[in-house]
Amino acid sequence: MWEKVESEVFFFSTAKLQTPDRMKRALCQRGTEDDIGEGPSHGVSPPPEFRKRKRKTEEWDEEEEVGVEWSRMPQEILLHVFQYLPLLDRAHASLVSRGWNQVFHMPELWRCFEFELNQPASSYLKATHPDLIKQIIKKHSNHLQYVSFKVDSSTESAEAACDILSQLVNCSLKTLGLISTARPSFMELPKSHFISALTVVFVNSKSLSSLKIDDTPVDDPSLKVLVANNSDTLKLLKMSSCPHVSPAGILCVADQCHGLRELALNYHLLSDELLLSLSSEKHVHLEHLRIDVVSDTPGQHFHTIKKSSWDAMVKHSPKFNLVMYFFLYEDEFGPFFKNEIPVTHLYFGRSVSKDVLGRVGLHCPRLVELVVCANGLRPLDEELIRIARRCTQLSAIGLGECEVSCSAFVEFVKMCGRRLSQLSIMEEVLVPDHRYGLDDIHWEVSKHLGRVWFPDMMPCW
């Protein structure tokens with residue numbers, strides 16, 4: 001009999017259809033009707049399980065009556081939640097109460113900010129509202145530490161970014177990034193206007209550690225201002241496609257900024273003197289060096305870096321990554337890969353000849369990743385086998401518009417083995433032969449890789 005009463009009470013408690021007082025009356029009435037024992041119903045002692053469920057029900061109802069006082073939530077918890085909210089949602093949440101509004105204006109929320117500057121007529125991306133920009137400059141400019149500007153291709157957006165930079169006189173930035181989502185819009189600005197705005201940040205930021213200013217009209221004098229105020233803290237500098245900077249300008253940075261760990265620039269700024277400066281005893285171990293080798297016009301000539309300069313670099317920073325992006329025409333590779341070069345990540349964005357890939361296999365023993373977007377119609381069997389044999393650290397490869405026989409490809413994978421963590425090969429690259437066809441090559445490759453593998457239907461790099 002108790003089992004029947006208990007089951008009904010549990011149903012009522014979980015469904016929250018009765019209050020504790022009404023449940024007591026219901027139990028008494030039920031006990032009388034079913035003749036639970038002899039004497040009055042209060043003389044019956046319910047099982048322990050029923051008493052536990054009854055207390056739990058009373059606690060639930062009490063919580064519902066009291067409710068949760070969101071306005072009294074600790075600020076440290078609110079701050080943590082606000083950090084995950086988009087800016088617009090954060091602004092809406094600040095209207096809930098005075099306490100939430102105070103959290104909205106806490107300096108911790110304004111240390112990192114990205115200004116999105118786009119023209120509605122020419123871009124589908126959302127832009128930071130002008131009123132919000134004014135509020136940030138007025139109330140939070142001294143809190144900003146990690147700032148980036150994402151601008152579209154319009155000159156108006158680039159000018160707006162410069163106007164904001166010129167007003168950041170009360171802040172000390174740690175990171176600054178200027179990002180053009182389309183063509184380099186900063187290059188369309190008057191050079192003096194851009195340099196003036198950038199100098200404001202260089203002078204007032206005494207602890208700048210990361211600077212990304214690719215595709216901008218920065219020049220040598222502005223780099224000297226950067227070094228004069230931030231030489232002790234600068235660790236990362238990315239300035240590819242900055243035509244107004246000379247090798248002497250970047251050498252000045254390397255000579256003074258001994259804590260520099262990452263550097264990205266165009267090949268025309270790379271020199272033997274720069275590598276020797278980065279290899280000096282005063283300089284910390286470099287971690288990443290990215291070089292963009294780009295040809296704007298066919299037939300362009302490129303200088304040669306001495307092997308002794310690369311050797312000094314490897315001796316000083318034996319674990320550094322040398323990343324090289326090549327966008328050259330086939331007849332412009334003459335100065336490259338004739339001697340040993342410590343490149344670790346190599347990307348060919350245009351067609352590259354069999355001869356160049358053969359030299360890569362001979363002179364790039366530190367190679368870790370190789371991407372060839374196009375080669376032509378001559379099979380790369382011998383070149384791939386040579387790379388597998390001599391580049392013993394190779395763990396990632398991608399091939400686009402090339403040709404490789406299925407047998408040579410299987411042999412390449414067999415030689416590299418399971419260290420090939422990334423293998424991205426277009427299906428049309430593989431040419432069937434007398435040993436393997438496209439239907440069964442994935443079984444053989446999967447066996448040597450130790451995982452299931454299939455050719456790609458489209459490039460993934």
# chains A, B, ... in the order shown; residues from 1 in each chain; ligands from 1

$ residues_around --residues "A:Pro247" --least-positions-apart "2" --cutoff "9 Å" --atoms "only C-alpha atoms" --output "ChimeraX atom specification"
/A:245,249-252,268-271,273-274

$ residues_around --residues "A:Val227" --least-positions-apart "2" --cutoff "10 Å" --atoms "only C-alpha atoms" --output "mmCIF file with C-alpha atoms, in the first residue's frame"
data_model
loop_
_atom_site.group_PDB
_atom_site.id
_atom_site.type_symbol
_atom_site.label_atom_id
_atom_site.label_comp_id
_atom_site.auth_asym_id
_atom_site.auth_seq_id
_atom_site.Cartn_x
_atom_site.Cartn_y
_atom_site.Cartn_z
ATOM 1 C CA PHE A 202 55.256 54.395 -31.646
ATOM 2 C CA VAL A 203 56.027 57.355 -29.387
ATOM 3 C CA LEU A 208 54.982 47.460 -27.960
ATOM 4 C CA PRO A 221 62.560 56.976 -40.364
ATOM 5 C CA SER A 222 59.356 55.657 -38.795
ATOM 6 C CA LEU A 223 61.117 52.377 -37.980
ATOM 7 C CA LYS A 224 63.804 54.378 -36.188
ATOM 8 C CA VAL A 225 61.082 55.967 -34.044
ATOM 9 C CA ASN A 229 60.778 53.783 -27.980
ATOM 10 C CA ASN A 230 60.190 50.007 -28.048
ATOM 11 C CA SER A 231 63.531 48.276 -28.629
ATOM 12 C CA ASP A 232 63.424 46.425 -25.302
ATOM 13 C CA THR A 233 59.956 44.934 -25.793
ATOM 14 C CA LEU A 234 59.482 44.278 -29.540
ATOM 15 C CA CYS A 252 68.431 48.946 -37.787
ATOM 16 C CA VAL A 253 65.559 47.050 -36.187
ATOM 17 C CA ALA A 254 67.578 43.840 -35.918
ATOM 18 C CA ASP A 255 70.591 45.652 -34.462
ATOM 19 C CA GLN A 256 68.596 47.340 -31.685
ATOM 20 C CA CYS A 257 65.721 44.936 -30.920
#

$ residues_around --residues "stretch 88-98 of chain A" --least-positions-apart "5" --cutoff "12 Å" --atoms "only C-alpha atoms" --output "PyMOL selection string"
chain A and resi 69-73+75+78-83+103-106+109-110+126-129+132

$ atom_distance --atom1 "atom CA of A:Leu289" --atom2 "atom CA of A:Lys174"
20.8 Å

$ residues_around --residues "A:Lys338" --least-positions-apart "4" --cutoff "9 Å" --atoms "only C-alpha atoms" --output "count of residues only"
5

$ select_by_dssp --residues "stretch 233-410 of chain A" --states "alpha helix (DSSP H)" --output "MDAnalysis selection string"
chainID A and resid 247:256 272:278 307:316 354:363 381:390 406:410

$ residues_around --residues "A:Trp453" --least-positions-apart "3" --cutoff "7 Å" --atoms "only C-alpha atoms" --output "ChimeraX atom specification"
/A:442,445-446

$ write_last_selection --atoms "all heavy atoms" --output "PDB file, in the first residue's frame"
ATOM      1  N   HIS A 442      44.519   3.839 -52.687  1.00  0.00           N
ATOM      2  CA  HIS A 442      44.290   4.315 -51.326  1.00  0.00           C
ATOM      3  C   HIS A 442      44.530   3.212 -50.298  1.00  0.00           C
ATOM      4  O   HIS A 442      44.906   3.494 -49.157  1.00  0.00           O
ATOM      5  CB  HIS A 442      42.883   4.890 -51.189  1.00  0.00           C
ATOM      6  CG  HIS A 442      41.788   3.872 -51.182  1.00  0.00           C
ATOM      7  ND1 HIS A 442      41.249   3.380 -52.346  1.00  0.00           N
ATOM      8  CD2 HIS A 442      41.151   3.255 -50.152  1.00  0.00           C
ATOM      9  CE1 HIS A 442      40.307   2.509 -52.043  1.00  0.00           C
ATOM     10  NE2 HIS A 442      40.231   2.405 -50.723  1.00  0.00           N
ATOM     11  N   VAL A 445      48.440   3.113 -49.827  1.00  0.00           N
ATOM     12  CA  VAL A 445      48.904   4.297 -49.107  1.00  0.00           C
ATOM     13  C   VAL A 445      48.439   4.248 -47.659  1.00  0.00           C
ATOM     14  O   VAL A 445      49.205   4.562 -46.732  1.00  0.00           O
ATOM     15  CB  VAL A 445      48.389   5.578 -49.805  1.00  0.00           C
ATOM     16  CG1 VAL A 445      48.716   6.810 -48.962  1.00  0.00           C
ATOM     17  CG2 VAL A 445      49.007   5.715 -51.189  1.00  0.00           C
ATOM     18  N   SER A 446      47.188   3.851 -47.422  1.00  0.00           N
ATOM     19  CA  SER A 446      46.670   3.769 -46.058  1.00  0.00           C
ATOM     20  C   SER A 446      47.478   2.786 -45.227  1.00  0.00           C
ATOM     21  O   SER A 446      47.708   3.006 -44.025  1.00  0.00           O
ATOM     22  CB  SER A 446      45.201   3.345 -46.084  1.00  0.00           C
ATOM     23  OG  SER A 446      44.406   4.299 -46.772  1.00  0.00           O
TER      24      SER A 446
END

$ closest_residue --among "A:Cys364, A:Val169, A:Leu420, A:Met324" --to "A:His345" --atoms "only C-alpha atoms"
A:Met324

$ atom_distance --atom1 "atom CA of A:Glu411" --atom2 "atom CA of A:Ala396"
15.8 Å

$ residues_around --residues "A:Lys238" --least-positions-apart "6" --cutoff "7 Å" --atoms "only C-alpha atoms" --output "PyMOL selection string"
chain A and resi 211-214+263-265

$ write_last_selection --atoms "all heavy atoms" --output "mmCIF file, in the first residue's frame"
data_model
loop_
_atom_site.group_PDB
_atom_site.id
_atom_site.type_symbol
_atom_site.label_atom_id
_atom_site.label_comp_id
_atom_site.auth_asym_id
_atom_site.auth_seq_id
_atom_site.Cartn_x
_atom_site.Cartn_y
_atom_site.Cartn_z
ATOM 1 N N LEU A 211 53.884 43.860 -33.783
ATOM 2 C CA LEU A 211 53.506 44.858 -34.784
ATOM 3 C C LEU A 211 53.326 44.181 -36.136
ATOM 4 O O LEU A 211 54.258 43.562 -36.665
ATOM 5 C CB LEU A 211 54.578 45.945 -34.865
ATOM 6 C CG LEU A 211 54.320 47.088 -35.849
ATOM 7 C CD1 LEU A 211 53.069 47.861 -35.461
ATOM 8 C CD2 LEU A 211 55.518 48.025 -35.906
ATOM 9 N N LYS A 212 52.103 44.282 -36.691
ATOM 10 C CA LYS A 212 51.800 43.730 -38.010
ATOM 11 C C LYS A 212 51.371 44.870 -38.921
ATOM 12 O O LYS A 212 50.289 45.431 -38.764
ATOM 13 C CB LYS A 212 50.678 42.683 -37.904
ATOM 14 C CG LYS A 212 51.012 41.516 -36.988
ATOM 15 C CD LYS A 212 49.847 40.535 -36.891
ATOM 16 C CE LYS A 212 50.162 39.402 -35.929
ATOM 17 N NZ LYS A 212 49.043 38.437 -35.817
ATOM 18 N N ILE A 213 52.244 45.223 -39.849
ATOM 19 C CA ILE A 213 51.971 46.370 -40.724
ATOM 20 C C ILE A 213 52.271 45.996 -42.179
ATOM 21 O O ILE A 213 52.933 46.737 -42.909
ATOM 22 C CB ILE A 213 52.799 47.609 -40.294
ATOM 23 C CG1 ILE A 213 54.264 47.226 -40.052
ATOM 24 C CG2 ILE A 213 52.213 48.249 -39.056
ATOM 25 C CD1 ILE A 213 55.154 48.416 -39.747
ATOM 26 N N ASP A 214 51.783 44.845 -42.611
ATOM 27 C CA ASP A 214 51.956 44.427 -44.004
ATOM 28 C C ASP A 214 51.218 45.378 -44.944
ATOM 29 O O ASP A 214 50.165 45.928 -44.607
ATOM 30 C CB ASP A 214 51.411 43.010 -44.206
ATOM 31 C CG ASP A 214 52.150 41.985 -43.372
ATOM 32 O OD1 ASP A 214 53.358 42.168 -43.155
ATOM 33 O OD2 ASP A 214 51.515 41.016 -42.932
ATOM 34 N N LEU A 263 59.925 37.401 -37.355
ATOM 35 C CA LEU A 263 60.127 38.456 -38.346
ATOM 36 C C LEU A 263 59.584 37.982 -39.685
ATOM 37 O O LEU A 263 59.856 36.861 -40.127
ATOM 38 C CB LEU A 263 61.619 38.781 -38.465
ATOM 39 C CG LEU A 263 62.018 39.879 -39.450
ATOM 40 C CD1 LEU A 263 61.397 41.221 -39.055
ATOM 41 C CD2 LEU A 263 63.537 40.007 -39.522
ATOM 42 N N ALA A 264 58.792 38.830 -40.339
ATOM 43 C CA ALA A 264 58.238 38.527 -41.658
ATOM 44 C C ALA A 264 58.491 39.705 -42.570
ATOM 45 O O ALA A 264 58.158 40.850 -42.228
ATOM 46 C CB ALA A 264 56.739 38.233 -41.562
ATOM 47 N N LEU A 265 59.091 39.444 -43.731
ATOM 48 C CA LEU A 265 59.418 40.528 -44.657
ATOM 49 C C LEU A 265 59.566 39.979 -46.071
ATOM 50 O O LEU A 265 59.531 38.770 -46.292
ATOM 51 C CB LEU A 265 60.698 41.241 -44.212
ATOM 52 C CG LEU A 265 61.858 40.380 -43.700
ATOM 53 C CD1 LEU A 265 62.677 39.821 -44.846
ATOM 54 C CD2 LEU A 265 62.751 41.205 -42.789
#

$ residues_around --residues "A:Ser279" --least-positions-apart "3" --cutoff "12 Å" --atoms "only C-alpha atoms" --output "PyMOL selection string"
chain A and resi 254-255+258-261+272-276+282-287+308-318+320

$ select_by_dssp --residues "stretch 80-267 of chain A" --states "strand (DSSP E)" --output "list in words"
Cys112, Phe113, Glu114, Phe115, Glu116, Leu117, Tyr146, Val147, Ser148, Phe149, Lys150, Val151, Thr175, Leu176, Gly177, Leu178, Ile179, Ser180, Ser210, Leu211, Lys212, Leu236, Leu237, Lys238, Glu262, Leu263, Ala264, Leu265 and Asn266 of chain A

$ closest_residue --among "A:Val293, A:Ala388, A:Ile341, A:Ile195" --to "A:Lys306" --atoms "only C-alpha atoms"
A:Ile341

$ atom_distance --atom1 "atom CA of A:Leu423" --atom2 "atom CA of A:Leu399"
8.8 Å

$ decode --residues "stretch 94-144 of chain A" --atoms "N, CA and C atoms" --output "PDB file, in the first residue's frame"
ATOM      1  N   SER A  94      24.551  45.625 -20.720  1.00  0.00           N
ATOM      2  CA  SER A  94      24.914  46.693 -19.788  1.00  0.00           C
ATOM      3  C   SER A  94      23.706  47.510 -19.345  1.00  0.00           C
ATOM      4  N   LEU A  95      22.551  47.352 -20.028  1.00  0.00           N
ATOM      5  CA  LEU A  95      21.343  48.093 -19.682  1.00  0.00           C
ATOM      6  C   LEU A  95      20.494  47.383 -18.642  1.00  0.00           C
ATOM      7  N   VAL A  96      20.886  46.184 -18.229  1.00  0.00           N
ATOM      8  CA  VAL A  96      20.085  45.410 -17.283  1.00  0.00           C
ATOM      9  C   VAL A  96      20.037  46.071 -15.917  1.00  0.00           C
ATOM     10  N   SER A  97      21.191  46.513 -15.426  1.00  0.00           N
ATOM     11  CA  SER A  97      21.239  47.114 -14.097  1.00  0.00           C
ATOM     12  C   SER A  97      22.469  47.998 -13.990  1.00  0.00           C
ATOM     13  N   ARG A  98      22.543  48.748 -12.918  1.00  0.00           N
ATOM     14  CA  ARG A  98      23.686  49.624 -12.689  1.00  0.00           C
ATOM     15  C   ARG A  98      24.960  48.805 -12.498  1.00  0.00           C
ATOM     16  N   GLY A  99      24.845  47.667 -11.815  1.00  0.00           N
ATOM     17  CA  GLY A  99      26.016  46.822 -11.599  1.00  0.00           C
ATOM     18  C   GLY A  99      26.552  46.251 -12.903  1.00  0.00           C
ATOM     19  N   TRP A 100      25.648  45.834 -13.785  1.00  0.00           N
ATOM     20  CA  TRP A 100      26.093  45.302 -15.072  1.00  0.00           C
ATOM     21  C   TRP A 100      26.709  46.394 -15.930  1.00  0.00           C
ATOM     22  N   ASN A 101      26.212  47.598 -15.817  1.00  0.00           N
ATOM     23  CA  ASN A 101      26.784  48.711 -16.558  1.00  0.00           C
ATOM     24  C   ASN A 101      28.200  49.026 -16.071  1.00  0.00           C
ATOM     25  N   GLN A 102      28.421  48.881 -14.765  1.00  0.00           N
ATOM     26  CA  GLN A 102      29.762  49.098 -14.232  1.00  0.00           C
ATOM     27  C   GLN A 102      30.737  48.065 -14.771  1.00  0.00           C
ATOM     28  N   VAL A 103      30.279  46.831 -14.881  1.00  0.00           N
ATOM     29  CA  VAL A 103      31.140  45.789 -15.449  1.00  0.00           C
ATOM     30  C   VAL A 103      31.453  46.080 -16.906  1.00  0.00           C
ATOM     31  N   PHE A 104      30.466  46.610 -17.628  1.00  0.00           N
ATOM     32  CA  PHE A 104      30.661  46.936 -19.046  1.00  0.00           C
ATOM     33  C   PHE A 104      31.801  47.933 -19.242  1.00  0.00           C
ATOM     34  N   HIS A 105      32.043  48.792 -18.289  1.00  0.00           N
ATOM     35  CA  HIS A 105      33.078  49.815 -18.412  1.00  0.00           C
ATOM     36  C   HIS A 105      34.365  49.455 -17.674  1.00  0.00           C
ATOM     37  N   MET A 106      34.478  48.235 -17.201  1.00  0.00           N
ATOM     38  CA  MET A 106      35.709  47.833 -16.518  1.00  0.00           C
ATOM     39  C   MET A 106      36.868  47.778 -17.504  1.00  0.00           C
ATOM     40  N   PRO A 107      38.054  48.226 -17.113  1.00  0.00           N
ATOM     41  CA  PRO A 107      39.203  48.263 -18.039  1.00  0.00           C
ATOM     42  C   PRO A 107      39.540  46.908 -18.641  1.00  0.00           C
ATOM     43  N   GLU A 108      39.297  45.820 -17.903  1.00  0.00           N
ATOM     44  CA  GLU A 108      39.652  44.496 -18.407  1.00  0.00           C
ATOM     45  C   GLU A 108      38.926  44.145 -19.700  1.00  0.00           C
ATOM     46  N   LEU A 109      37.748  44.722 -19.920  1.00  0.00           N
ATOM     47  CA  LEU A 109      36.976  44.415 -21.129  1.00  0.00           C
ATOM     48  C   LEU A 109      37.443  45.213 -22.340  1.00  0.00           C
ATOM     49  N   TRP A 110      38.276  46.218 -22.133  1.00  0.00           N
ATOM     50  CA  TRP A 110      38.668  47.100 -23.224  1.00  0.00           C
ATOM     51  C   TRP A 110      40.146  47.023 -23.546  1.00  0.00           C
ATOM     52  N   ARG A 111      40.823  46.034 -23.002  1.00  0.00           N
ATOM     53  CA  ARG A 111      42.239  45.882 -23.319  1.00  0.00           C
ATOM     54  C   ARG A 111      42.450  45.371 -24.732  1.00  0.00           C
ATOM     55  N   CYS A 112      41.523  44.548 -25.202  1.00  0.00           N
ATOM     56  CA  CYS A 112      41.630  43.979 -26.547  1.00  0.00           C
ATOM     57  C   CYS A 112      40.435  44.436 -27.382  1.00  0.00           C
ATOM     58  N   PHE A 113      40.715  45.060 -28.535  1.00  0.00           N
ATOM     59  CA  PHE A 113      39.610  45.547 -29.368  1.00  0.00           C
ATOM     60  C   PHE A 113      40.037  45.555 -30.834  1.00  0.00           C
ATOM     61  N   GLU A 114      39.080  45.174 -31.697  1.00  0.00           N
ATOM     62  CA  GLU A 114      39.310  45.199 -33.143  1.00  0.00           C
ATOM     63  C   GLU A 114      38.349  46.194 -33.784  1.00  0.00           C
ATOM     64  N   PHE A 115      38.907  47.214 -34.396  1.00  0.00           N
ATOM     65  CA  PHE A 115      38.108  48.198 -35.120  1.00  0.00           C
ATOM     66  C   PHE A 115      37.836  47.662 -36.528  1.00  0.00           C
ATOM     67  N   GLU A 116      36.572  47.487 -36.864  1.00  0.00           N
ATOM     68  CA  GLU A 116      36.187  47.051 -38.209  1.00  0.00           C
ATOM     69  C   GLU A 116      35.673  48.262 -38.970  1.00  0.00           C
ATOM     70  N   LEU A 117      36.427  48.660 -39.966  1.00  0.00           N
ATOM     71  CA  LEU A 117      36.127  49.882 -40.710  1.00  0.00           C
ATOM     72  C   LEU A 117      35.816  49.515 -42.148  1.00  0.00           C
ATOM     73  N   ASN A 118      34.535  49.584 -42.497  1.00  0.00           N
ATOM     74  CA  ASN A 118      34.082  49.220 -43.841  1.00  0.00           C
ATOM     75  C   ASN A 118      33.062  50.236 -44.331  1.00  0.00           C
ATOM     76  N   GLN A 119      33.033  50.411 -45.622  1.00  0.00           N
ATOM     77  CA  GLN A 119      32.057  51.289 -46.247  1.00  0.00           C
ATOM     78  C   GLN A 119      30.852  50.460 -46.689  1.00  0.00           C
ATOM     79  N   PRO A 120      29.641  50.777 -46.224  1.00  0.00           N
ATOM     80  CA  PRO A 120      28.467  49.963 -46.558  1.00  0.00           C
ATOM     81  C   PRO A 120      28.246  49.790 -48.049  1.00  0.00           C
ATOM     82  N   ALA A 121      28.616  50.781 -48.833  1.00  0.00           N
ATOM     83  CA  ALA A 121      28.361  50.701 -50.275  1.00  0.00           C
ATOM     84  C   ALA A 121      29.291  49.701 -50.969  1.00  0.00           C
ATOM     85  N   SER A 122      30.445  49.419 -50.359  1.00  0.00           N
ATOM     86  CA  SER A 122      31.431  48.575 -51.028  1.00  0.00           C
ATOM     87  C   SER A 122      31.770  47.310 -50.260  1.00  0.00           C
ATOM     88  N   SER A 123      31.180  47.088 -49.091  1.00  0.00           N
ATOM     89  CA  SER A 123      31.529  45.922 -48.282  1.00  0.00           C
ATOM     90  C   SER A 123      30.287  45.382 -47.598  1.00  0.00           C
ATOM     91  N   TYR A 124      30.236  44.048 -47.489  1.00  0.00           N
ATOM     92  CA  TYR A 124      29.132  43.385 -46.794  1.00  0.00           C
ATOM     93  C   TYR A 124      29.474  43.127 -45.327  1.00  0.00           C
ATOM     94  N   LEU A 125      30.689  43.434 -44.912  1.00  0.00           N
ATOM     95  CA  LEU A 125      31.104  43.189 -43.537  1.00  0.00           C
ATOM     96  C   LEU A 125      30.531  44.252 -42.601  1.00  0.00           C
ATOM     97  N   LYS A 126      30.308  43.851 -41.356  1.00  0.00           N
ATOM     98  CA  LYS A 126      29.814  44.788 -40.358  1.00  0.00           C
ATOM     99  C   LYS A 126      30.921  45.751 -39.955  1.00  0.00           C
ATOM    100  N   ALA A 127      30.534  46.969 -39.657  1.00  0.00           N
ATOM    101  CA  ALA A 127      31.502  47.993 -39.264  1.00  0.00           C
ATOM    102  C   ALA A 127      31.235  48.440 -37.835  1.00  0.00           C
ATOM    103  N   THR A 128      32.297  48.821 -37.137  1.00  0.00           N
ATOM    104  CA  THR A 128      32.151  49.371 -35.795  1.00  0.00           C
ATOM    105  C   THR A 128      31.458  50.722 -35.880  1.00  0.00           C
ATOM    106  N   HIS A 129      30.410  50.900 -35.115  1.00  0.00           N
ATOM    107  CA  HIS A 129      29.608  52.118 -35.198  1.00  0.00           C
ATOM    108  C   HIS A 129      30.436  53.341 -34.807  1.00  0.00           C
ATOM    109  N   PRO A 130      30.321  54.451 -35.550  1.00  0.00           N
ATOM    110  CA  PRO A 130      31.099  55.657 -35.232  1.00  0.00           C
ATOM    111  C   PRO A 130      30.891  56.171 -33.810  1.00  0.00           C
ATOM    112  N   ASP A 131      29.645  56.079 -33.292  1.00  0.00           N
ATOM    113  CA  ASP A 131      29.399  56.533 -31.916  1.00  0.00           C
ATOM    114  C   ASP A 131      30.165  55.691 -30.907  1.00  0.00           C
ATOM    115  N   LEU A 132      30.262  54.395 -31.178  1.00  0.00           N
ATOM    116  CA  LEU A 132      31.023  53.534 -30.281  1.00  0.00           C
ATOM    117  C   LEU A 132      32.511  53.867 -30.337  1.00  0.00           C
ATOM    118  N   ILE A 133      33.005  54.175 -31.529  1.00  0.00           N
ATOM    119  CA  ILE A 133      34.416  54.560 -31.662  1.00  0.00           C
ATOM    120  C   ILE A 133      34.703  55.814 -30.841  1.00  0.00           C
ATOM    121  N   LYS A 134      33.799  56.784 -30.884  1.00  0.00           N
ATOM    122  CA  LYS A 134      33.981  58.007 -30.092  1.00  0.00           C
ATOM    123  C   LYS A 134      33.990  57.696 -28.599  1.00  0.00           C
ATOM    124  N   GLN A 135      33.089  56.805 -28.178  1.00  0.00           N
ATOM    125  CA  GLN A 135      33.016  56.449 -26.761  1.00  0.00           C
ATOM    126  C   GLN A 135      34.297  55.745 -26.316  1.00  0.00           C
ATOM    127  N   ILE A 136      34.825  54.862 -27.165  1.00  0.00           N
ATOM    128  CA  ILE A 136      36.050  54.144 -26.820  1.00  0.00           C
ATOM    129  C   ILE A 136      37.218  55.114 -26.672  1.00  0.00           C
ATOM    130  N   ILE A 137      37.343  56.035 -27.610  1.00  0.00           N
ATOM    131  CA  ILE A 137      38.447  56.997 -27.554  1.00  0.00           C
ATOM    132  C   ILE A 137      38.301  57.908 -26.342  1.00  0.00           C
ATOM    133  N   LYS A 138      37.079  58.268 -26.005  1.00  0.00           N
ATOM    134  CA  LYS A 138      36.845  59.189 -24.894  1.00  0.00           C
ATOM    135  C   LYS A 138      37.035  58.531 -23.529  1.00  0.00           C
ATOM    136  N   LYS A 139      36.524  57.291 -23.373  1.00  0.00           N
ATOM    137  CA  LYS A 139      36.499  56.666 -22.054  1.00  0.00           C
ATOM    138  C   LYS A 139      37.505  55.534 -21.870  1.00  0.00           C
ATOM    139  N   HIS A 140      37.921  54.893 -22.960  1.00  0.00           N
ATOM    140  CA  HIS A 140      38.699  53.671 -22.800  1.00  0.00           C
ATOM    141  C   HIS A 140      40.022  53.666 -23.569  1.00  0.00           C
ATOM    142  N   SER A 141      40.414  54.759 -24.142  1.00  0.00           N
ATOM    143  CA  SER A 141      41.657  54.752 -24.923  1.00  0.00           C
ATOM    144  C   SER A 141      42.868  54.407 -24.062  1.00  0.00           C
ATOM    145  N   ASN A 142      42.850  54.838 -22.798  1.00  0.00           N
ATOM    146  CA  ASN A 142      43.980  54.534 -21.912  1.00  0.00           C
ATOM    147  C   ASN A 142      43.972  53.090 -21.428  1.00  0.00           C
ATOM    148  N   HIS A 143      42.882  52.343 -21.722  1.00  0.00           N
ATOM    149  CA  HIS A 143      42.811  50.928 -21.346  1.00  0.00           C
ATOM    150  C   HIS A 143      43.259  50.016 -22.487  1.00  0.00           C
ATOM    151  N   LEU A 144      43.265  50.518 -23.706  1.00  0.00           N
ATOM    152  CA  LEU A 144      43.579  49.682 -24.869  1.00  0.00           C
ATOM    153  C   LEU A 144      45.026  49.197 -24.813  1.00  0.00           C
TER     154      LEU A 144
END
